[in-house]
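J.: Got a structure for you, written out below as structure tokens; questions coming shortly.
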Amino acid sequence: MRKQGHSFTKQEVMSGLRFFLMLNLGLIFTAVGIAIFKGPNQFAFGGTSGVSVVLATLFPKLNVGGFMWIVNIVLVVLGLFCLGIKSMGWTIYSSFALSFYVSVCEFLVPLNQPLTDDTFLEFCFAVLLPALGSAIVFNVGASTGGTDILAMILQKHTSLAIGNALMVCDLGIVLAGAALFGPKTGLYCILGMVLKCTVVDGAIENLNLRKVCTIISKDTEVIKNYIINELHRSATEQTAVGAYTHKEEKLLMTVLTRAEAARLRIFLRKVDPNAFMTIVNSSEIIGKGFRSI
């Protein structure tokens with residue numbers, strides 16, 4: 001807990017602002033996918049949006065956004081009762097913010113039928129946009145709320161892991177959609193549920209992708225200075241011995257973004273065309289300057 005009278009540092013303020021902006025960006029991507037592509041095509045992939053698509057079909061007087069408000073209110077109350085406010089965290093905000101963004105999208109772009117006559121194209125966007133949105137939200141350490149609350153309750157009161165609990169919740173919604181909308185839409189719903197998990201995992205890996213660069217060169221001092229002063233990164237310096245030449249060489253290891261790694265390659269080409277450089281992809285870099293533990 002922060003001591004009384006202790007002010008936030010500029011870094012803490014910027015970090016909090018970035019978190020809030022990325023959280024809302026992810027929720028907006030998810031909302032656009034739900035309102036523009038999922039709802040009009042009756043794609044019930046799971047989650048509160050899937051429940052709301054089913055309910056909006058059964059009770060057409062209220063749209064998907066309206067039912068999302070109702071479902072999320074019920075789930076938040078249930079979560080507060082079963083889990084307590086401490087366990088809910090940003091889930092409460094995410095649940096209501098997502099409902100709000102879906103309602104805004106439906107108000108700005110009211111659709112009584114699919115946007116196009118290409119079901120597969122609509123399906124692709126119905127999977128990609130919410131998956132990308134969820135990946136952004138998960139990547140900052142939050143969630144989109146909804147059935148995540150139900151999964152947390154199932155995890156607490158049963159032996160199910162949270163991933164399996166989510167699968168159980170989503171599978172029930174998908175089966176309800178398949179029974180209501182027929183085999184064609186039902187198959188799309190099943191495929192969408194499976195693909196969403198794959199796309200979310202892939203998107204998170206790409207968002208965090210970094211390049212681990214190892215360099216052996218005769219001009220390590222020049223390269224080290226470039227990494228520190230121009231790329232504003234650090235590096236680990238080691239002494240290595242060539243297995244064939246038996247000569248001692250200086251070895252540098254640094255972790256960079258894609259753009260920074262490209263800049264380093266161009267710089268190496270100029271200062272030492274004979275330098276040896278390996279680049280390895282990594283999606284989990286933990287430490288100062290990257291993700292915290």
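Following the order of the structure tokens, first chain is A, next is B, and so on, with residues numbered from 1 inside each chain and ligands from 1 in the order they appear.
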Any chance you could tabulate, as JSON lines, the residues of range 72-179 of chain A at most 6 Å from range 30-50 of chain A with each one's nearest atom pair and distance in Å to one decimal, using only C-alpha atoms, in chain and rising number order?
T.:
{"residue": "A:Tyr101", "atom": "CA", "partner": "A:Ala31", "partner_atom": "CA", "distance": 5.7}
{"residue": "A:Val102", "atom": "CA", "partner": "A:Ala31", "partner_atom": "CA", "distance": 4.7}
{"residue": "A:Glu106", "atom": "CA", "partner": "A:Ala35", "partner_atom": "CA", "distance": 5.9}
{"residue": "A:Gln113", "atom": "CA", "partner": "A:Pro40", "partner_atom": "CA", "distance": 5.3}
{"residue": "A:Pro114", "atom": "CA", "partner": "A:Pro40", "partner_atom": "CA", "distance": 5.0}
{"residue": "A:Glu122", "atom": "CA", "partner": "A:Phe37", "partner_atom": "CA", "distance": 5.8}
{"residue": "A:Ala126", "atom": "CA", "partner": "A:Phe37", "partner_atom": "CA", "distance": 5.0}
{"residue": "A:Leu129", "atom": "CA", "partner": "A:Gly33", "partner_atom": "CA", "distance": 5.1}
{"residue": "A:Pro130", "atom": "CA", "partner": "A:Thr30", "partner_atom": "CA", "distance": 3.8}
{"residue": "A:Gly133", "atom": "CA", "partner": "A:Thr30", "partner_atom": "CA", "distance": 4.9}
{"residue": "A:Gly146", "atom": "CA", "partner": "A:Thr48", "partner_atom": "CA", "distance": 5.3}
{"residue": "A:Thr147", "atom": "CA", "partner": "A:Gly47", "partner_atom": "CA", "distance": 5.2}
{"residue": "A:Asp170", "atom": "CA", "partner": "A:Gly46", "partner_atom": "CA", "distance": 4.1}
{"residue": "A:Ile173", "atom": "CA", "partner": "A:Gly46", "partner_atom": "CA", "distance": 5.3}
{"residue": "A:Val174", "atom": "CA", "partner": "A:Phe45", "partner_atom": "CA", "distance": 5.6}
{"residue": "A:Gly177", "atom": "CA", "partner": "A:Ala44", "partner_atom": "CA", "distance": 5.7}
J.: Those residues with all heavy atoms, as a tab-separated table (two decimals), in the first residue's frame please?
T.:
chain	number	residue	atom	x	y	z
A	101	TYR	N	-18.80	-0.13	-25.14
A	101	TYR	CA	-18.24	0.00	-26.49
A	101	TYR	C	-19.08	-0.75	-27.53
A	101	TYR	O	-19.24	-0.28	-28.66
A	101	TYR	CB	-16.80	-0.51	-26.52
A	101	TYR	CG	-15.81	0.39	-25.79
A	101	TYR	CD1	-14.84	-0.15	-24.94
A	101	TYR	CD2	-15.84	1.77	-25.97
A	101	TYR	CE1	-13.95	0.67	-24.27
A	101	TYR	CE2	-14.94	2.59	-25.30
A	101	TYR	CZ	-14.00	2.04	-24.45
A	101	TYR	OH	-13.11	2.85	-23.79
A	102	VAL	N	-19.63	-1.90	-27.16
A	102	VAL	CA	-20.51	-2.63	-28.08
A	102	VAL	C	-21.76	-1.82	-28.36
A	102	VAL	O	-22.21	-1.70	-29.51
A	102	VAL	CB	-20.88	-4.02	-27.50
A	102	VAL	CG1	-21.99	-4.67	-28.34
A	102	VAL	CG2	-19.67	-4.94	-27.48
A	106	GLU	N	-23.02	-0.39	-32.01
A	106	GLU	CA	-24.35	-0.69	-32.54
A	106	GLU	C	-25.14	0.59	-32.83
A	106	GLU	O	-25.95	0.63	-33.75
A	106	GLU	CB	-25.12	-1.58	-31.57
A	106	GLU	CG	-24.58	-3.00	-31.52
A	106	GLU	CD	-25.34	-3.90	-30.56
A	106	GLU	OE1	-25.89	-3.38	-29.57
A	106	GLU	OE2	-25.37	-5.12	-30.80
A	113	GLN	N	-28.63	-6.93	-40.70
A	113	GLN	CA	-28.15	-8.08	-41.46
A	113	GLN	C	-26.63	-7.97	-41.60
A	113	GLN	O	-26.06	-6.92	-41.28
A	113	GLN	CB	-28.81	-8.11	-42.84
A	113	GLN	CG	-28.56	-6.85	-43.67
A	113	GLN	CD	-29.30	-6.88	-44.99
A	113	GLN	OE1	-30.20	-7.68	-45.19
A	113	GLN	NE2	-28.91	-6.01	-45.90
A	114	PRO	N	-25.96	-9.03	-42.04
A	114	PRO	CA	-24.50	-8.97	-42.17
A	114	PRO	C	-24.03	-7.83	-43.06
A	114	PRO	O	-24.74	-7.40	-43.98
A	114	PRO	CB	-24.15	-10.33	-42.77
A	114	PRO	CG	-25.25	-11.23	-42.33
A	114	PRO	CD	-26.49	-10.38	-42.30
A	122	GLU	N	-16.73	-12.54	-43.24
A	122	GLU	CA	-17.27	-12.01	-41.98
A	122	GLU	C	-16.77	-12.86	-40.80
A	122	GLU	O	-16.44	-12.33	-39.74
A	122	GLU	CB	-18.81	-12.03	-42.02
A	122	GLU	CG	-19.41	-11.20	-43.14
A	122	GLU	CD	-20.01	-9.91	-42.66
A	122	GLU	OE1	-20.48	-9.84	-41.52
A	122	GLU	OE2	-20.01	-8.94	-43.45
A	126	ALA	N	-14.75	-11.75	-37.52
A	126	ALA	CA	-15.39	-12.05	-36.23
A	126	ALA	C	-14.43	-12.79	-35.30
A	126	ALA	O	-14.56	-12.69	-34.08
A	126	ALA	CB	-16.65	-12.89	-36.46
A	129	LEU	N	-10.68	-9.84	-34.95
A	129	LEU	CA	-10.77	-8.61	-34.16
A	129	LEU	C	-10.91	-8.88	-32.66
A	129	LEU	O	-10.13	-8.32	-31.87
A	129	LEU	CB	-11.92	-7.74	-34.68
A	129	LEU	CG	-11.66	-6.99	-35.99
A	129	LEU	CD1	-12.92	-6.29	-36.48
A	129	LEU	CD2	-10.54	-5.98	-35.81
A	130	PRO	N	-11.86	-9.74	-32.22
A	130	PRO	CA	-11.93	-10.02	-30.78
A	130	PRO	C	-10.68	-10.74	-30.26
A	130	PRO	O	-10.28	-10.51	-29.12
A	130	PRO	CB	-13.17	-10.92	-30.65
A	130	PRO	CG	-14.01	-10.59	-31.84
A	130	PRO	CD	-13.02	-10.32	-32.93
A	133	GLY	N	-8.07	-8.12	-29.85
A	133	GLY	CA	-8.44	-7.31	-28.69
A	133	GLY	C	-8.15	-8.04	-27.39
A	133	GLY	O	-7.59	-7.46	-26.46
A	146	GLY	N	-16.64	-10.85	-18.36
A	146	GLY	CA	-17.62	-11.80	-18.89
A	146	GLY	C	-17.48	-13.18	-18.28
A	146	GLY	O	-17.44	-13.35	-17.06
A	147	THR	N	-17.39	-14.19	-19.15
A	147	THR	CA	-17.32	-15.57	-18.67
A	147	THR	C	-16.01	-15.90	-17.96
A	147	THR	O	-15.89	-16.95	-17.35
A	147	THR	CB	-17.53	-16.57	-19.84
A	147	THR	OG1	-16.67	-16.20	-20.93
A	147	THR	CG2	-18.96	-16.58	-20.29
A	170	ASP	N	-17.56	-21.85	-22.60
A	170	ASP	CA	-17.70	-21.50	-24.02
A	170	ASP	C	-18.35	-22.62	-24.82
A	170	ASP	O	-19.13	-22.36	-25.74
A	170	ASP	CB	-16.34	-21.16	-24.62
A	170	ASP	CG	-15.81	-19.82	-24.12
A	170	ASP	OD1	-16.63	-19.05	-23.58
A	170	ASP	OD2	-14.61	-19.55	-24.27
A	173	ILE	N	-22.10	-22.50	-24.56
A	173	ILE	CA	-22.67	-21.42	-25.37
A	173	ILE	C	-22.67	-21.78	-26.85
A	173	ILE	O	-23.64	-21.55	-27.58
A	173	ILE	CB	-21.87	-20.12	-25.14
A	173	ILE	CG1	-21.99	-19.68	-23.68
A	173	ILE	CG2	-22.36	-19.00	-26.06
A	173	ILE	CD1	-20.94	-18.67	-23.25
A	174	VAL	N	-21.58	-22.38	-27.31
A	174	VAL	CA	-21.46	-22.79	-28.72
A	174	VAL	C	-22.51	-23.84	-29.07
A	174	VAL	O	-23.15	-23.76	-30.14
A	174	VAL	CB	-20.04	-23.33	-29.01
A	174	VAL	CG1	-20.00	-24.07	-30.34
A	174	VAL	CG2	-19.03	-22.19	-29.03
A	177	GLY	N	-25.80	-22.21	-29.46
A	177	GLY	CA	-25.87	-21.51	-30.74
A	177	GLY	C	-26.07	-22.47	-31.90
A	177	GLY	O	-26.85	-22.19	-32.82
J.: Run DSSP on the backbone and grab whatever in range 199-255 of chain A lands in strand (DSSP E); send it over as a VMD selection string.
T.: chain A and resid 210 to 216 236 to 241 248 to 255
J.: Restrict the selected residues to N, CA, C and O atoms and save them as an mmCIF file, in the first residue's frame.
T.:
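The result, stored in selection-v5.cif:
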data_model
loop_
_atom_site.group_PDB
_atom_site.id
_atom_site.type_symbol
_atom_site.label_atom_id
_atom_site.label_comp_id
_atom_site.auth_asym_id
_atom_site.auth_seq_id
_atom_site.Cartn_x
_atom_site.Cartn_y
_atom_site.Cartn_z
ATOM 1 N N ARG A 210 10.752 -10.394 -29.352
ATOM 2 C CA ARG A 210 12.012 -9.672 -29.279
ATOM 3 C C ARG A 210 13.099 -10.492 -29.965
ATOM 4 O O ARG A 210 12.965 -11.700 -30.144
ATOM 5 N N LYS A 211 14.176 -9.828 -30.338
ATOM 6 C CA LYS A 211 15.293 -10.465 -31.027
ATOM 7 C C LYS A 211 16.490 -10.555 -30.078
ATOM 8 O O LYS A 211 16.997 -9.525 -29.609
ATOM 9 N N VAL A 212 16.906 -11.776 -29.793
ATOM 10 C CA VAL A 212 18.108 -11.992 -28.976
ATOM 11 C C VAL A 212 19.296 -12.077 -29.934
ATOM 12 O O VAL A 212 19.416 -13.033 -30.708
ATOM 13 N N CYS A 213 20.149 -11.069 -29.886
ATOM 14 C CA CYS A 213 21.252 -10.959 -30.846
ATOM 15 C C CYS A 213 22.599 -11.281 -30.172
ATOM 16 O O CYS A 213 22.912 -10.735 -29.114
ATOM 17 N N THR A 214 23.347 -12.161 -30.794
ATOM 18 C CA THR A 214 24.695 -12.507 -30.328
ATOM 19 C C THR A 214 25.684 -12.112 -31.422
ATOM 20 O O THR A 214 25.522 -12.497 -32.577
ATOM 21 N N ILE A 215 26.693 -11.317 -31.050
ATOM 22 C CA ILE A 215 27.616 -10.751 -32.033
ATOM 23 C C ILE A 215 29.066 -11.060 -31.648
ATOM 24 O O ILE A 215 29.457 -10.873 -30.489
ATOM 25 N N ILE A 216 29.845 -11.523 -32.616
ATOM 26 C CA ILE A 216 31.293 -11.683 -32.454
ATOM 27 C C ILE A 216 31.955 -10.805 -33.513
ATOM 28 O O ILE A 216 31.702 -10.951 -34.707
ATOM 29 N N THR A 236 25.414 -7.772 -22.774
ATOM 30 C CA THR A 236 26.301 -8.587 -21.937
ATOM 31 C C THR A 236 27.544 -8.915 -22.746
ATOM 32 O O THR A 236 27.447 -9.397 -23.885
ATOM 33 N N GLU A 237 28.705 -8.618 -22.154
ATOM 34 C CA GLU A 237 29.979 -8.852 -22.850
ATOM 35 C C GLU A 237 30.687 -10.060 -22.235
ATOM 36 O O GLU A 237 30.778 -10.180 -21.017
ATOM 37 N N GLN A 238 31.146 -10.964 -23.097
ATOM 38 C CA GLN A 238 31.840 -12.164 -22.642
ATOM 39 C C GLN A 238 33.089 -12.389 -23.498
ATOM 40 O O GLN A 238 33.195 -11.864 -24.618
ATOM 41 N N THR A 239 33.970 -13.203 -22.959
ATOM 42 C CA THR A 239 35.138 -13.627 -23.743
ATOM 43 C C THR A 239 34.895 -15.052 -24.221
ATOM 44 O O THR A 239 34.564 -15.938 -23.431
ATOM 45 N N ALA A 240 35.035 -15.261 -25.522
ATOM 46 C CA ALA A 240 34.814 -16.585 -26.109
ATOM 47 C C ALA A 240 36.084 -17.032 -26.831
ATOM 48 O O ALA A 240 36.895 -16.213 -27.272
ATOM 49 N N VAL A 241 36.258 -18.338 -26.960
ATOM 50 C CA VAL A 241 37.422 -18.905 -27.654
ATOM 51 C C VAL A 241 36.934 -19.707 -28.849
ATOM 52 O O VAL A 241 36.070 -20.583 -28.717
ATOM 53 N N GLU A 248 40.995 -15.885 -28.803
ATOM 54 C CA GLU A 248 40.001 -15.255 -27.935
ATOM 55 C C GLU A 248 39.267 -14.152 -28.695
ATOM 56 O O GLU A 248 39.886 -13.352 -29.398
ATOM 57 N N GLU A 249 37.954 -14.155 -28.569
ATOM 58 C CA GLU A 249 37.128 -13.131 -29.213
ATOM 59 C C GLU A 249 36.174 -12.548 -28.175
ATOM 60 O O GLU A 249 35.799 -13.209 -27.218
ATOM 61 N N LYS A 250 35.796 -11.288 -28.400
ATOM 62 C CA LYS A 250 34.790 -10.666 -27.555
ATOM 63 C C LYS A 250 33.408 -10.972 -28.128
ATOM 64 O O LYS A 250 33.173 -10.869 -29.331
ATOM 65 N N LEU A 251 32.487 -11.349 -27.233
ATOM 66 C CA LEU A 251 31.134 -11.715 -27.649
ATOM 67 C C LEU A 251 30.140 -10.780 -26.951
ATOM 68 O O LEU A 251 30.229 -10.552 -25.741
ATOM 69 N N LEU A 252 29.214 -10.235 -27.722
ATOM 70 C CA LEU A 252 28.171 -9.363 -27.173
ATOM 71 C C LEU A 252 26.810 -10.027 -27.331
ATOM 72 O O LEU A 252 26.515 -10.607 -28.385
ATOM 73 N N MET A 253 26.003 -9.955 -26.291
ATOM 74 C CA MET A 253 24.627 -10.470 -26.374
ATOM 75 C C MET A 253 23.674 -9.357 -25.930
ATOM 76 O O MET A 253 23.864 -8.745 -24.883
ATOM 77 N N THR A 254 22.677 -9.065 -26.762
ATOM 78 C CA THR A 254 21.713 -8.015 -26.445
ATOM 79 C C THR A 254 20.321 -8.434 -26.905
ATOM 80 O O THR A 254 20.181 -9.290 -27.793
ATOM 81 N N VAL A 255 19.304 -7.832 -26.308
ATOM 82 C CA VAL A 255 17.912 -8.124 -26.663
ATOM 83 C C VAL A 255 17.287 -6.856 -27.226
ATOM 84 O O VAL A 255 17.292 -5.802 -26.571
#
J.: Provide the CA of Gly84 in chain A to CA of Val71 in chain A distance in Å, to one decimal place.
T.: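 We find that CA of Gly84 in chain A and CA of Val71 in chain A lie 18.4 Å from each other.
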J.: If we count only C-alpha atoms and set the cut-off at 6 Å, which residues sit around range 19-26 of chain A, ignoring sequence neighbours fewer than 2 positions away in its own chain? Please answer as a PyMOL selection string.
T.: chain A and resi 16-17+28-29+133+136-137
J.: Which residue gives the smallest distance to Ser134 in chain A among A:Ala56, A:Ala275, A:Leu98, A:Leu264, with only C-alpha atoms counted?
T.: A:Leu98
J.: If you run DSSP on this backbone, which residues of range 94-217 of chain A come out as alpha helix (DSSP H), and could you give them as JSON, numbers by chain?
T.: {"A": [94, 95, 96, 97, 98, 99, 100, 101, 102, 103, 104, 105, 106, 107, 108, 119, 120, 121, 122, 123, 124, 125, 126, 127, 128, 129, 130, 131, 132, 133, 134, 135, 136, 137, 138, 139, 147, 148, 149, 150, 151, 152, 153, 154, 155, 156, 157, 162, 163, 164, 165, 166, 167, 168, 169, 170, 171, 172, 173, 174, 175, 176, 177, 178, 179, 180, 181, 183, 184, 185, 186, 187, 188, 189, 190, 191, 192, 193, 194, 195, 196, 197, 198, 199, 200, 201, 202, 203, 204, 205, 206, 207]}
J.: Taking 4 positions as the minimum chain separation for residues in the same chain, which residues sit within 10 Å of Leu191 in chain A when counting only C-alpha atoms? Answer as a PyMOL selection string.
T.: chain A and resi 45+123+127+174+185-187+195-196
J.: Within 12 Å of Gly202 in chain A, counting only C-alpha atoms, which residues show up once you throw out same-chain ones fewer than 2 positions away? Write them as an MDAnalysis selection string, please.
T.: chainID A and resid 128 131:132 134:136 139 195:200 204:209 283
J.: Let me see the file: selected residues, N, CA and C atoms, as a PDB file, in the first residue's frame.
T.:
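Okay, again.pdb is ready:
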ATOM      1  N   LEU A 128     -10.765 -12.622 -35.825  1.00  0.00           N
ATOM      2  CA  LEU A 128      -9.522 -11.866 -35.706  1.00  0.00           C
ATOM      3  C   LEU A 128      -9.631 -10.647 -34.789  1.00  0.00           C
ATOM      4  N   ALA A 131     -10.085 -11.602 -31.089  1.00  0.00           N
ATOM      5  CA  ALA A 131      -8.874 -12.306 -30.650  1.00  0.00           C
ATOM      6  C   ALA A 131      -7.725 -11.329 -30.456  1.00  0.00           C
ATOM      7  N   LEU A 132      -7.564 -10.389 -31.385  1.00  0.00           N
ATOM      8  CA  LEU A 132      -6.529  -9.369 -31.254  1.00  0.00           C
ATOM      9  C   LEU A 132      -6.800  -8.494 -30.032  1.00  0.00           C
ATOM     10  N   SER A 134      -8.520  -9.310 -27.322  1.00  0.00           N
ATOM     11  CA  SER A 134      -8.258 -10.108 -26.117  1.00  0.00           C
ATOM     12  C   SER A 134      -6.760 -10.241 -25.859  1.00  0.00           C
ATOM     13  N   ALA A 135      -5.977 -10.419 -26.935  1.00  0.00           N
ATOM     14  CA  ALA A 135      -4.523 -10.544 -26.792  1.00  0.00           C
ATOM     15  C   ALA A 135      -3.925  -9.280 -26.194  1.00  0.00           C
ATOM     16  N   ILE A 136      -4.376  -8.114 -26.652  1.00  0.00           N
ATOM     17  CA  ILE A 136      -3.879  -6.837 -26.125  1.00  0.00           C
ATOM     18  C   ILE A 136      -4.226  -6.710 -24.647  1.00  0.00           C
ATOM     19  N   ASN A 139      -2.292  -9.189 -22.551  1.00  0.00           N
ATOM     20  CA  ASN A 139      -0.875  -8.848 -22.546  1.00  0.00           C
ATOM     21  C   ASN A 139      -0.531  -7.790 -21.501  1.00  0.00           C
ATOM     22  N   LEU A 195     -10.372 -21.533 -33.104  1.00  0.00           N
ATOM     23  CA  LEU A 195      -9.420 -20.612 -33.725  1.00  0.00           C
ATOM     24  C   LEU A 195      -9.104 -19.421 -32.835  1.00  0.00           C
ATOM     25  N   LYS A 196     -10.075 -18.967 -32.062  1.00  0.00           N
ATOM     26  CA  LYS A 196      -9.851 -17.799 -31.214  1.00  0.00           C
ATOM     27  C   LYS A 196      -8.688 -18.038 -30.252  1.00  0.00           C
ATOM     28  N   CYS A 197      -8.660 -19.224 -29.637  1.00  0.00           N
ATOM     29  CA  CYS A 197      -7.573 -19.545 -28.699  1.00  0.00           C
ATOM     30  C   CYS A 197      -6.224 -19.514 -29.402  1.00  0.00           C
ATOM     31  N   THR A 198      -6.178 -20.080 -30.616  1.00  0.00           N
ATOM     32  CA  THR A 198      -4.927 -20.129 -31.378  1.00  0.00           C
ATOM     33  C   THR A 198      -4.462 -18.734 -31.770  1.00  0.00           C
ATOM     34  N   VAL A 199      -5.410 -17.911 -32.247  1.00  0.00           N
ATOM     35  CA  VAL A 199      -5.070 -16.554 -32.688  1.00  0.00           C
ATOM     36  C   VAL A 199      -4.634 -15.692 -31.511  1.00  0.00           C
ATOM     37  N   VAL A 200      -5.310 -15.831 -30.369  1.00  0.00           N
ATOM     38  CA  VAL A 200      -4.937 -15.065 -29.170  1.00  0.00           C
ATOM     39  C   VAL A 200      -3.504 -15.398 -28.763  1.00  0.00           C
ATOM     40  N   ILE A 204      -0.385 -12.692 -28.885  1.00  0.00           N
ATOM     41  CA  ILE A 204       0.375 -12.340 -27.685  1.00  0.00           C
ATOM     42  C   ILE A 204       1.870 -12.555 -27.925  1.00  0.00           C
ATOM     43  N   GLU A 205       2.219 -13.670 -28.581  1.00  0.00           N
ATOM     44  CA  GLU A 205       3.631 -13.947 -28.876  1.00  0.00           C
ATOM     45  C   GLU A 205       4.223 -12.867 -29.781  1.00  0.00           C
ATOM     46  N   ASN A 206       3.451 -12.436 -30.795  1.00  0.00           N
ATOM     47  CA  ASN A 206       3.945 -11.413 -31.715  1.00  0.00           C
ATOM     48  C   ASN A 206       4.052 -10.046 -31.053  1.00  0.00           C
ATOM     49  N   LEU A 207       3.116  -9.742 -30.134  1.00  0.00           N
ATOM     50  CA  LEU A 207       3.182  -8.466 -29.418  1.00  0.00           C
ATOM     51  C   LEU A 207       4.443  -8.374 -28.567  1.00  0.00           C
ATOM     52  N   ASN A 208       4.876  -9.521 -28.027  1.00  0.00           N
ATOM     53  CA  ASN A 208       6.039  -9.546 -27.137  1.00  0.00           C
ATOM     54  C   ASN A 208       7.322  -9.992 -27.825  1.00  0.00           C
ATOM     55  N   LEU A 209       7.265 -10.197 -29.145  1.00  0.00           N
ATOM     56  CA  LEU A 209       8.419 -10.746 -29.851  1.00  0.00           C
ATOM     57  C   LEU A 209       9.637  -9.831 -29.753  1.00  0.00           C
ATOM     58  N   SER A 283       9.667 -14.646 -27.240  1.00  0.00           N
ATOM     59  CA  SER A 283       8.414 -13.949 -26.892  1.00  0.00           C
ATOM     60  C   SER A 283       8.292 -13.719 -25.398  1.00  0.00           C
TER      61      SER A 283
END
J.: Between CA of Ser103 in chain A and CA of Gly65 in chain A, what is the spacing in Å?
T.: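 A separation of 4.8 Å between them.
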J.: Counting only C-alpha atoms, which of A:Val77, A:Leu180, A:Ile190, A:Ala262 gets nearest to Val53 in chain A?
T.: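 Of A:Val77, A:Leu180, A:Ile190, A:Ala262, the one nearest Val53 in chain A, counting only C-alpha atoms, is A:Leu180.
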J.: Write out as a list of chain:residue names each polymer residue whose atoms come within 12 Å of Leu231 in chain A, counting only C-alpha atoms; drop sequence neighbours fewer than 3 positions from it.
T.: A:Ile223, A:Lys224, A:Asn225, A:Tyr226, A:Ile227, A:Ile228, A:Ser234, A:Ala235, A:Thr254, A:Val255, A:Leu256, A:Thr257, A:Arg258, A:Ala259, A:Glu260, A:Ala261, A:Ala262, A:Arg263, A:Leu264, A:Phe267
J.: Please compute the CA of Leu154 in chain A-CA of Leu27 in chain A distance, one decimal, in Å.
T.: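 That distance, rounded to one decimal, is 24.1 Å.
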J.: Using only C-alpha atoms, determine which residues lie at most 8 Å from Phe67 in chain A, disregarding the query and same-chain residues fewer than 3 positions distant; provide the list as a ChimeraX atom specification.
T.: /A:52,55-56,62-64,70-71
